[in-house]
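**Student:** Quick one, final27.pdb (PDB, C-alpha atoms and all ligand atoms):
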```
MODEL        1
ATOM      1  CA  MET I  10      25.399 -63.582 -82.759
ATOM      2  CA  PRO I  11      26.336 -65.033 -86.134
ATOM      3  CA  ASP I  12      29.608 -64.014 -87.731
ATOM      4  CA  ARG I  13      27.878 -61.871 -90.309
ATOM      5  CA  CYS I  14      27.375 -58.175 -90.929
ATOM      6  CA  VAL I  15      24.331 -56.738 -89.124
ATOM      7  CA  LYS I  16      23.971 -54.199 -91.936
ATOM      8  CA  CYS I  17      24.021 -56.416 -95.034
ATOM      9  CA  ASN I  18      24.353 -60.014 -93.820
ATOM     10  CA  ALA I  19      27.684 -60.471 -95.634
ATOM     11  CA  PRO I  20      30.363 -62.563 -93.891
ATOM     12  CA  ALA I  21      32.014 -60.552 -91.106
ATOM     13  CA  ASP I  22      35.171 -62.710 -91.046
ATOM     14  CA  GLY I  23      35.521 -62.235 -87.321
ATOM     15  CA  ARG I  24      35.222 -58.442 -87.448
ATOM     16  CA  ARG I  25      33.458 -57.563 -84.214
ATOM     17  CA  LEU I  26      32.330 -54.361 -82.684
ATOM     18  CA  THR I  27      31.562 -54.335 -78.974
ATOM     19  CA  ARG I  28      28.613 -52.201 -78.005
ATOM     20  CA  ASN I  29      27.478 -51.416 -74.488
ATOM     21  CA  LEU I  30      23.766 -50.935 -74.690
ATOM     22  CA  SER I  31      21.318 -49.687 -72.147
ATOM     23  CA  TRP I  32      17.587 -49.461 -72.315
ATOM     24  CA  HIS I  33      14.640 -48.667 -70.053
ATOM     25  CA  PRO I  34      10.887 -48.864 -70.634
ATOM     26  CA  PRO I  35       9.879 -45.769 -72.647
ATOM     27  CA  ALA I  36       7.327 -44.698 -70.003
ATOM     28  CA  TRP I  37      10.245 -43.587 -67.834
ATOM     29  CA  TYR I  38      10.854 -40.719 -70.261
ATOM     30  CA  LEU I  39       7.836 -39.070 -68.614
ATOM     31  CA  VAL I  40      10.014 -38.595 -65.533
ATOM     32  CA  ILE I  41      11.825 -35.889 -67.521
ATOM     33  CA  LEU I  42       8.799 -33.732 -66.725
ATOM     34  CA  ALA I  43       9.829 -33.919 -63.070
ATOM     35  CA  GLY I  44      13.256 -32.622 -63.984
ATOM     36  CA  LEU I  45      16.186 -33.751 -66.035
ATOM     37  CA  LEU I  46      18.317 -34.691 -63.033
ATOM     38  CA  VAL I  47      15.504 -36.772 -61.531
ATOM     39  CA  TYR I  48      15.146 -38.541 -64.864
ATOM     40  CA  VAL I  49      18.875 -39.227 -65.200
ATOM     41  CA  ILE I  50      18.963 -40.785 -61.709
ATOM     42  CA  ALA I  51      15.784 -42.819 -62.341
ATOM     43  CA  ALA I  52      17.105 -44.003 -65.711
ATOM     44  CA  LEU I  53      20.357 -45.159 -64.120
ATOM     45  CA  VAL I  54      18.366 -47.210 -61.617
ATOM     46  CA  VAL I  55      15.785 -48.778 -63.926
ATOM     47  CA  ARG I  56      17.866 -49.325 -67.025
ATOM     48  CA  HIS I  57      18.873 -52.716 -68.301
ATOM     49  CA  THR I  58      22.320 -52.968 -69.765
ATOM     50  CA  ALA I  59      23.876 -55.456 -72.097
ATOM     51  CA  ARG I  60      27.201 -55.825 -73.793
ATOM     52  CA  ILE I  61      26.994 -57.337 -77.217
ATOM     53  CA  GLN I  62      29.415 -57.996 -80.000
ATOM     54  CA  ILE I  63      28.091 -57.475 -83.460
ATOM     55  CA  GLY I  64      29.602 -58.568 -86.716
ATOM     56  CA  MET I  65      30.403 -56.134 -89.496
ATOM     57  CA  CYS I  66      31.649 -56.797 -92.998
ATOM     58  CA  GLU I  67      34.747 -55.042 -94.296
ATOM     59  CA  LYS I  68      32.722 -52.563 -96.338
ATOM     60  CA  HIS I  69      30.512 -51.471 -93.465
ATOM     61  CA  SER I  70      33.270 -51.369 -90.914
ATOM     62  CA  ASN I  71      35.331 -49.153 -93.261
ATOM     63  CA  GLN I  72      32.301 -46.987 -93.923
ATOM     64  CA  ARG I  73      31.769 -46.595 -90.186
ATOM     65  CA  ARG I  74      35.402 -45.674 -89.586
ATOM     66  CA  LYS I  75      35.246 -43.105 -92.380
ATOM     67  CA  ARG I  76      32.061 -41.560 -90.986
ATOM     68  CA  ILE I  77      33.571 -41.278 -87.525
ATOM     69  CA  ALA I  78      36.664 -39.585 -88.989
ATOM     70  CA  VAL I  79      34.578 -37.157 -91.062
ATOM     71  CA  GLY I  80      32.386 -36.423 -88.044
ATOM     72  CA  TRP I  81      35.406 -35.538 -85.921
ATOM     73  CA  LEU I  82      36.926 -33.392 -88.683
ATOM     74  CA  LEU I  83      33.679 -31.453 -89.113
ATOM     75  CA  GLY I  84      33.199 -31.076 -85.356
ATOM     76  CA  LEU I  85      36.755 -29.911 -84.671
ATOM     77  CA  GLY I  86      36.771 -27.790 -87.838
ATOM     78  CA  SER I  87      33.582 -26.022 -86.784
ATOM     79  CA  ILE I  88      35.040 -25.292 -83.343
ATOM     80  CA  ALA I  89      38.205 -23.918 -84.954
ATOM     81  CA  LEU I  90      36.132 -21.655 -87.211
ATOM     82  CA  MET I  91      34.039 -20.479 -84.258
ATOM     83  CA  ILE I  92      37.189 -19.603 -82.321
ATOM     84  CA  VAL I  93      38.496 -17.636 -85.299
ATOM     85  CA  ALA I  94      35.166 -15.902 -85.859
ATOM     86  CA  GLY I  95      34.662 -15.246 -82.147
ATOM     87  CA  SER I  96      38.093 -13.725 -81.713
ATOM     88  CA  GLN I  97      37.362 -10.992 -84.268
ATOM     89  CA  ALA I  98      35.808  -7.867 -82.836
ATOM     90  CA  TYR I  99      34.846  -6.878 -86.334
ATOM     91  CA  ILE I 100      34.421  -9.528 -89.012
ATOM     92  CA  PRO I 101      35.450  -8.162 -92.415
ATOM     93  CA  GLU I 102      33.033  -8.495 -95.314
ATOM     94  CA  ALA I 103      35.094 -11.234 -96.901
ATOM     95  CA  LEU I 104      34.760 -13.430 -93.811
ATOM     96  CA  THR I 105      31.034 -13.159 -93.082
ATOM     97  CA  TRP I 106      30.663 -16.789 -94.163
ATOM     98  CA  LEU I 107      32.572 -17.905 -91.049
ATOM     99  CA  TRP I 108      29.619 -18.231 -88.673
ATOM    100  CA  PRO I 109      27.123 -19.863 -91.032
ATOM    101  CA  VAL I 110      29.737 -22.320 -92.283
ATOM    102  CA  ALA I 111      30.894 -23.123 -88.750
ATOM    103  CA  LEU I 112      27.305 -23.717 -87.678
ATOM    104  CA  ALA I 113      26.560 -25.891 -90.713
ATOM    105  CA  MET I 114      29.682 -27.982 -90.051
ATOM    106  CA  PHE I 115      28.724 -28.347 -86.407
ATOM    107  CA  VAL I 116      25.200 -29.519 -87.269
ATOM    108  CA  ALA I 117      26.608 -31.918 -89.884
ATOM    109  CA  SER I 118      28.954 -33.422 -87.289
ATOM    110  CA  LEU I 119      26.012 -33.961 -84.930
ATOM    111  CA  VAL I 120      24.008 -35.634 -87.698
ATOM    112  CA  ILE I 121      26.932 -37.953 -88.445
ATOM    113  CA  ALA I 122      27.321 -38.712 -84.735
ATOM    114  CA  VAL I 123      23.657 -39.739 -84.590
ATOM    115  CA  ILE I 124      23.957 -41.885 -87.732
ATOM    116  CA  VAL I 125      27.090 -43.601 -86.429
ATOM    117  CA  SER I 126      25.608 -44.263 -82.995
ATOM    118  CA  ARG I 127      22.423 -45.720 -84.452
ATOM    119  CA  LEU I 128      24.226 -48.953 -85.129
ATOM    120  CA  ALA I 129      22.460 -51.616 -83.080
ATOM    121  CA  VAL I 130      19.968 -49.503 -81.178
ATOM    122  CA  PRO I 131      18.250 -51.567 -78.501
ATOM    123  CA  ALA I 132      14.479 -51.738 -78.830
ATOM    124  CA  ARG I 133      14.291 -53.596 -75.550
ATOM    125  CA  ILE I 134      16.616 -55.371 -73.133
ATOM    126  CA  ASP I 135      15.753 -57.867 -70.425
ATOM    127  CA  LYS I 136      17.777 -60.374 -68.434
ATOM    128  CA  HIS I 137      18.202 -62.774 -71.307
ATOM    129  CA  TYR I 138      17.622 -60.978 -74.555
ATOM    130  CA  VAL I 139      18.507 -57.890 -76.449
ATOM    131  CA  TRP I 140      16.103 -56.757 -79.132
ATOM    132  CA  LEU I 141      17.878 -54.696 -81.722
ATOM    133  CA  LYS I 142      16.683 -52.187 -84.274
ATOM    134  CA  ASN I 143      18.372 -51.352 -87.557
ATOM    135  CA  ILE I 144      19.392 -54.894 -88.337
ATOM    136  CA  HIS I 145      19.310 -56.321 -91.848
ATOM    137  CA  ALA I 146      16.219 -58.483 -92.426
ATOM    138  CA  ASP I 147      18.151 -61.480 -93.796
ATOM    139  CA  PHE I 148      20.340 -61.383 -90.711
ATOM    140  CA  LEU I 149      17.254 -61.557 -88.480
ATOM    141  CA  ASP I 150      15.752 -64.389 -90.527
ATOM    142  CA  SER I 151      18.870 -66.438 -89.920
ATOM    143  CA  LEU I 152      18.485 -66.271 -86.138
ATOM    144  CA  PRO I 153      16.550 -68.852 -84.153
ATOM    145  CA  PRO I 154      13.034 -67.678 -83.334
ATOM    146  CA  LEU I 155      12.491 -66.087 -79.941
ATOM    147  CA  GLY I 156      11.552 -68.450 -77.159
ATOM    148  CA  MET I 157      13.668 -71.186 -78.664
ATOM    149  CA  PRO I 158      17.022 -72.112 -77.180
ATOM    150  CA  ALA I 159      19.822 -70.282 -78.906
ATOM    151  CA  HIS I 160      21.880 -73.416 -79.263
ATOM    152  CA  PRO I 161      20.554 -76.834 -80.354
ATOM    153  CA  VAL I 162      22.753 -78.385 -77.674
ATOM    154  CA  ASN I 163      20.464 -76.932 -75.046
ATOM    155  CA  THR I 164      17.201 -78.278 -76.438
ATOM    156  CA  HIS I 165      16.972 -80.948 -73.768
ATOM    157  CA  LEU I 166      17.046 -78.418 -70.967
ATOM    158  CA  PRO I 167      13.674 -77.649 -69.418
ATOM    159  CA  VAL I 168      14.453 -73.938 -69.370
ATOM    160  CA  PRO I 169      16.273 -72.364 -72.275
ATOM    161  CA  SER I 170      19.791 -71.645 -71.151
ATOM    162  CA  LEU I 171      20.713 -68.440 -72.836
ATOM    163  CA  GLU I 172      23.801 -67.356 -71.029
ATOM    164  CA  GLY I 173      25.976 -65.288 -73.236
ATOM    165  CA  GLY I 174      22.916 -63.550 -74.517
ATOM    166  CA  ALA I 175      20.930 -64.397 -77.571
ATOM    167  CA  ALA I 176      20.336 -61.260 -79.500
ATOM    168  CA  ARG I 177      17.848 -60.399 -82.140
TER     169      ARG I 177
HETATM  170 ZN    ZN A   1      27.937 -55.128 -94.336
ENDMDL
END
```
Will you turn the file into structure tokens for me?
**Tutor:**
Amino acid sequence: MPDRCVKCNAPADGRRLTRNLSWHPPAWYLVILAGLLVYVIAALVVRHTARIQIGMCEKHSNQRRKRIAVGWLLGLGSIALMIVAGSQAYIPEALTWLWPVALAMFVASLVIAVIVSRLAVPARIDKHYVWLKNIHADFLDSLPPLGMPAHPVNTHLPVPSLEGGAAR
């Protein structure tokens, strides 16, 4: 992967985030109908995994760190409020906002968790490639087209040697 931000294509200056990705063909989601546990076991068997390192610029890596911090604060804050609210046998009039606010904070923390984790979502993984979603278009345009060797050095090889994983 180039040393550039996957979000905006700005120079990443060596800032790397390691992501362990896993993916399975979407049809396997149907197995959920047979039971969640069956699905979880099947998914563990059929999934493809990949470890990639993606570049992030200073702005986006700071933004990500901030979002994670805010998400934790909201999540822990909502739990604290729920404990306070739950410990009262009778909630006085002045504190009736406790439950709604705690719930809102909890939902907000989940939303942030989803946003944060949507960085580099795999659209597909096989033995050689990782297809990623949510990547800046200019970043994708700068990558070699699929089916081509990732490194010019390898062009003389009959089979593209893609060890290390080309990602797009
Ligand atoms: Zn960026």
**Student:** Expand the PyMOL selection byres (((not hetatm)) within 7 of (chain A and resi 1)) into the individual residues it matches in the shown file, reporting them as a list in words.
**Tutor:** Cys14, Val15, Lys16, Cys17, Asn18, Ala19, Met65, Cys66, Glu67, Lys68 and His69 of chain I
**Student:** For I:His57, which residue out of I:Lys75, I:Lys136, I:Lys142, I:Arg25 is the nearest one, using all atoms listed in the file?
**Tutor:**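 Closest candidate: I:Lys136.
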**Student:** What residues come out when you apply the PyMOL selection byres (((chain I and resi 22) around 8) and not hetatm) to this file, written as a list of chain:residue names?
**Tutor:** I:Asp12, I:Arg13, I:Pro20, I:Ala21, I:Gly23, I:Arg24, I:Cys66
**Student:** Name the residues that the PyMOL selection byres (((chain I and resi 141) around 12) and not hetatm) pulls out of this structure, and write them as a tab-separated table (two decimals) with C-alpha atoms, in the coordinates of the input.
**Tutor:**
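Saved to selection_18.tsv:
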```tsv
chain	number	residue	atom	x	y	z
I	10	MET	CA	25.40	-63.58	-82.76
I	15	VAL	CA	24.33	-56.74	-89.12
I	16	LYS	CA	23.97	-54.20	-91.94
I	28	ARG	CA	28.61	-52.20	-78.00
I	30	LEU	CA	23.77	-50.94	-74.69
I	31	SER	CA	21.32	-49.69	-72.15
I	32	TRP	CA	17.59	-49.46	-72.32
I	59	ALA	CA	23.88	-55.46	-72.10
I	61	ILE	CA	26.99	-57.34	-77.22
I	63	ILE	CA	28.09	-57.48	-83.46
I	127	ARG	CA	22.42	-45.72	-84.45
I	128	LEU	CA	24.23	-48.95	-85.13
I	129	ALA	CA	22.46	-51.62	-83.08
I	130	VAL	CA	19.97	-49.50	-81.18
I	131	PRO	CA	18.25	-51.57	-78.50
I	132	ALA	CA	14.48	-51.74	-78.83
I	133	ARG	CA	14.29	-53.60	-75.55
I	134	ILE	CA	16.62	-55.37	-73.13
I	135	ASP	CA	15.75	-57.87	-70.42
I	138	TYR	CA	17.62	-60.98	-74.56
I	139	VAL	CA	18.51	-57.89	-76.45
I	140	TRP	CA	16.10	-56.76	-79.13
I	142	LYS	CA	16.68	-52.19	-84.27
I	143	ASN	CA	18.37	-51.35	-87.56
I	144	ILE	CA	19.39	-54.89	-88.34
I	145	HIS	CA	19.31	-56.32	-91.85
I	146	ALA	CA	16.22	-58.48	-92.43
I	148	PHE	CA	20.34	-61.38	-90.71
I	149	LEU	CA	17.25	-61.56	-88.48
I	175	ALA	CA	20.93	-64.40	-77.57
I	176	ALA	CA	20.34	-61.26	-79.50
I	177	ARG	CA	17.85	-60.40	-82.14
```
**Student:** When distances are computed from all atoms listed in the file, which of I:Ala122, I:Val54, I:Val110, I:Leu26 shows the smallest separation from I:Leu90?
**Tutor:**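 The shortest atom-to-atom distance to I:Leu90 comes from I:Val110.
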**Student:** To one decimal place, how far is atom CA of I:Arg60 from atom CA of I:Pro11 in Å?
**Tutor:**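 Between atom CA of I:Arg60 and atom CA of I:Pro11 the gap works out to 15.4 Å.
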**Student:** Which residues, written as a ChimeraX atom specification, have at least one atom at most 9 Å from I:Ile121, with only C-alpha atoms counted and residues fewer than 6 positions away on the same chain left out?
**Tutor:** /I:76-77,79-80
**Student:** How big is the axis-aligned box around all listed atoms of stretch 129-143 of chain I once 8 Å goes on each side, and where's its centre, in Å to one decimal, as lines of an AutoDock Vina configuration file?
**Tutor:**
```
center_x = 18.4
center_y = -56.1
center_z = -78.0
size_x = 24.2
size_y = 29.3
size_z = 35.1
```
**Student:** Which residue gives the smallest distance to I:Ile92 among I:Ala78, I:Val55, I:Leu107, I:Val120, with only C-alpha atoms counted?
**Tutor:**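 Ranking I:Ala78, I:Val55, I:Leu107, I:Val120 by distance to I:Ile92, first place goes to I:Leu107.
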**Student:** Do you know which residues are at most 10 Å from I:Leu85 counting only C-alpha atoms, after dropping those on the same chain fewer than 4 positions away, and could you put them as a list of chain:residue names?
**Tutor:** I:Val79, I:Gly80, I:Trp81, I:Ala89, I:Leu90, I:Met91, I:Ala111, I:Met114, I:Phe115, I:Ser118
**Student:** How about saving the chosen residues, C-alpha atoms kept, as an mmCIF file, in the coordinates of the input?
**Tutor:**
```cif
data_model
loop_
_atom_site.group_PDB
_atom_site.id
_atom_site.type_symbol
_atom_site.label_atom_id
_atom_site.label_comp_id
_atom_site.auth_asym_id
_atom_site.auth_seq_id
_atom_site.Cartn_x
_atom_site.Cartn_y
_atom_site.Cartn_z
ATOM 1 C CA VAL I 79 34.578 -37.157 -91.062
ATOM 2 C CA GLY I 80 32.386 -36.423 -88.044
ATOM 3 C CA TRP I 81 35.406 -35.538 -85.921
ATOM 4 C CA ALA I 89 38.205 -23.918 -84.954
ATOM 5 C CA LEU I 90 36.132 -21.655 -87.211
ATOM 6 C CA MET I 91 34.039 -20.479 -84.258
ATOM 7 C CA ALA I 111 30.894 -23.123 -88.750
ATOM 8 C CA MET I 114 29.682 -27.982 -90.051
ATOM 9 C CA PHE I 115 28.724 -28.347 -86.407
ATOM 10 C CA SER I 118 28.954 -33.422 -87.289
#
```
**Student:** What's the separation between atom CA of I:Val49 and atom CA of I:Gln62, in Å to one decimal place?
**Tutor:**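 Distance reported for this atom pair: 26.1 Å.
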**Student:** Just give me the gap between atom CA of I:Arg56 and atom CA of I:His33 in Å, one decimal is fine.
**Tutor:**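 Rounded to one decimal, the two atoms are 4.5 Å apart.
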**Student:** For stretch 57-77 of chain I, where the input has fewer atoms than it should, I would like N, CA and C atoms rebuilt and written as a compact mmCIF listing (two decimals), in the frame of the given file.
**Tutor:**
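What ended up in out-v4.txt:
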```txt
# COMPACT_ATOMS: atom_id res chain seq x y z
N HIS I 57 18.26 -51.41 -68.10
CA HIS I 57 18.87 -52.72 -68.30
C HIS I 57 20.07 -52.49 -69.22
N THR I 58 21.16 -53.14 -68.90
CA THR I 58 22.32 -52.97 -69.76
C THR I 58 22.73 -54.31 -70.36
N ALA I 59 23.37 -54.25 -71.46
CA ALA I 59 23.88 -55.46 -72.10
C ALA I 59 25.10 -55.10 -72.92
N ARG I 60 26.04 -56.02 -72.94
CA ARG I 60 27.20 -55.82 -73.79
C ARG I 60 27.09 -56.85 -74.92
N ILE I 61 27.09 -56.39 -76.11
CA ILE I 61 26.99 -57.34 -77.22
C ILE I 61 28.14 -57.11 -78.18
N GLN I 62 28.42 -58.12 -78.95
CA GLN I 62 29.42 -58.00 -80.00
C GLN I 62 28.70 -58.25 -81.31
N ILE I 63 28.78 -57.30 -82.20
CA ILE I 63 28.09 -57.48 -83.46
C ILE I 63 29.09 -57.57 -84.58
N GLY I 64 28.73 -58.38 -85.56
CA GLY I 64 29.60 -58.57 -86.72
C GLY I 64 29.41 -57.45 -87.72
N MET I 65 30.48 -57.12 -88.41
CA MET I 65 30.40 -56.13 -89.50
C MET I 65 31.30 -56.58 -90.63
N CYS I 66 30.82 -56.44 -91.85
CA CYS I 66 31.65 -56.80 -93.00
C CYS I 66 32.71 -55.71 -93.19
N GLU I 67 33.66 -55.99 -94.08
CA GLU I 67 34.75 -55.04 -94.30
C GLU I 67 34.21 -53.70 -94.80
N LYS I 68 33.26 -53.78 -95.73
CA LYS I 68 32.72 -52.56 -96.34
C LYS I 68 32.07 -51.67 -95.27
N HIS I 69 31.23 -52.29 -94.44
CA HIS I 69 30.51 -51.47 -93.46
C HIS I 69 31.39 -51.01 -92.31
N SER I 70 32.41 -51.83 -91.99
CA SER I 70 33.27 -51.37 -90.91
C SER I 70 34.17 -50.23 -91.40
N ASN I 71 34.58 -50.28 -92.69
CA ASN I 71 35.33 -49.15 -93.26
C ASN I 71 34.47 -47.91 -93.36
N GLN I 72 33.23 -48.11 -93.80
CA GLN I 72 32.30 -46.99 -93.92
C GLN I 72 32.11 -46.30 -92.57
N ARG I 73 31.97 -47.13 -91.53
CA ARG I 73 31.77 -46.60 -90.19
C ARG I 73 32.98 -45.80 -89.73
N ARG I 74 34.17 -46.37 -89.99
CA ARG I 74 35.40 -45.67 -89.59
C ARG I 74 35.51 -44.33 -90.31
N LYS I 75 35.17 -44.34 -91.60
CA LYS I 75 35.25 -43.10 -92.38
C LYS I 75 34.28 -42.06 -91.83
N ARG I 76 33.06 -42.50 -91.51
CA ARG I 76 32.06 -41.56 -90.99
C ARG I 76 32.50 -40.96 -89.66
N ILE I 77 33.09 -41.79 -88.81
CA ILE I 77 33.57 -41.28 -87.52
C ILE I 77 34.66 -40.23 -87.75
```
